[in-house]
Amino acid sequence: MADIDQAAWRQDFPIDWPQDHYVARRDFTRFLVLASLPFALVQLGIGIVNWFRRNRGRPPAKAIAPLAEIPIGGVLSFTYPDAHDPCLLLRLDDKTLRAFSQKCTHLGCAVTPNADKSCLYCPCHKGYFAVENGRPLAGPPRRPLPRITLENRDGVVYAIAVEVNAS
Ligand code: FES
C-alpha cells in the first residue's frame, strides 16, 4: 500500500535526482561571493576606521604632573590621549622619564611595573616589556608598547604624542 502511495506521489511530483543534486559552477561561485561579501565589507569598514584614526592628527598635549612631584623610581598612572587610554609614567632616574600605554600588545590586559620596576609585566599571560623602550622581553607579546612622547614645559611633564612602533 505504501509503495503504491509513494509511486503516486512520485508521478505527481517527479524529481530528477541527478539534476537536483547537480550544483552548477555558476551557482557555487554565486554562493561563494554572497558568503564572502559580508566579510569583505567588515574588513573594508575596519580599514576605513583605522585610516581615519591614523589621520586624525596629533592629540592635544596633556599635563601629567609637575616633575618635582615625581620621585625617582616613581610610577604615575594617567590617561592619554583619551580618558579610556590608560598609561604609565615612570621616572627611571633623575633625568629619565618614560611613559607607555598600559594596554598589553598581546590581548590588551593592563601592564604594571614588576616588583623592582626593572620591567613592565602583564599578568594575563606573563608578558614582559622593557621599561627603557617598551620592547617585549618575554611571553607572548611581539609588538612593543606604544610609547608616549613627553615634554617638560616649565617644570610640568606633558604627554604630547603617542608613538606606535610596528616592530
Ligand atoms: S594580554 Fe598581556 S601577555 Fe597576553
# chains A, B, ... in the order shown; residues from 1 in each chain; ligands from 1
$ residues_around --residues "Leu92 (chain A)" --least-positions-apart "5" --cutoff "10 Å" --atoms "only C-alpha atoms" --output "PyMOL selection string"
chain A and resi 71-75+97-98+117-118+131-132
$ residues_near_ligand --ligand "ligand 1" --cutoff "7 Å" --atoms "only C-alpha atoms and all ligand atoms" --output "list in words"
Cys104, Thr105, His106, Leu107, Gly108, Cys109, Cys122, Pro123, Cys124, His125, Lys126, Gly127, Gly139, Pro140 and Pro141 of chain A
$ select_by_dssp --residues "region 26-92 of chain A" --states "strand (DSSP E)" --output "number ranges by chain"
A: 62-66, 75-79, 86-91
$ write_last_selection --atoms "C-alpha atoms" --output "short mmCIF file (atom, residue, chain, number, x, y, z; two decimals), in the first residue's frame"
data_model
loop_
_atom_site.label_atom_id
_atom_site.label_comp_id
_atom_site.auth_asym_id
_atom_site.auth_seq_id
_atom_site.Cartn_x
_atom_site.Cartn_y
_atom_site.Cartn_z
CA LYS A 62 48.02 66.93 28.34
CA ALA A 63 49.69 67.88 31.63
CA ILE A 64 50.56 64.85 33.74
CA ALA A 65 52.29 66.21 36.85
CA PRO A 66 54.97 68.65 37.97
CA VAL A 75 55.29 55.49 38.76
CA LEU A 76 52.23 57.57 37.88
CA SER A 77 49.05 56.48 36.15
CA PHE A 78 47.40 58.83 33.69
CA THR A 79 45.22 58.64 30.60
CA PRO A 86 45.43 54.22 30.49
CA CYS A 87 49.16 54.97 30.54
CA LEU A 88 52.06 54.74 32.95
CA LEU A 89 54.75 57.34 33.58
CA LEU A 90 57.99 56.02 35.07
CA ARG A 91 60.83 58.11 36.41
#
$ closest_residue --among "A:Tyr22, A:Tyr80, A:Trp9, A:Trp17" --to "Thr149 (chain A)" --atoms "only C-alpha atoms"
A:Tyr80
$ closest_residue --among "A:Leu32, A:Ser101, A:Leu67, A:Phe129" --to "His84 (chain A)" --atoms "only C-alpha atoms"
A:Ser101
$ atom_distance --atom1 "CA of Arg26 (chain A)" --atom2 "CA of Phe13 (chain A)"
26.3 Å
$ atom_distance --atom1 "CA of Leu150 (chain A)" --atom2 "CA of Ala99 (chain A)"
7.4 Å
$ residues_around --residues "Arg58 (chain A)" --least-positions-apart "6" --cutoff "9 Å" --atoms "only C-alpha atoms" --output "ChimeraX atom specification"
/A:160-162
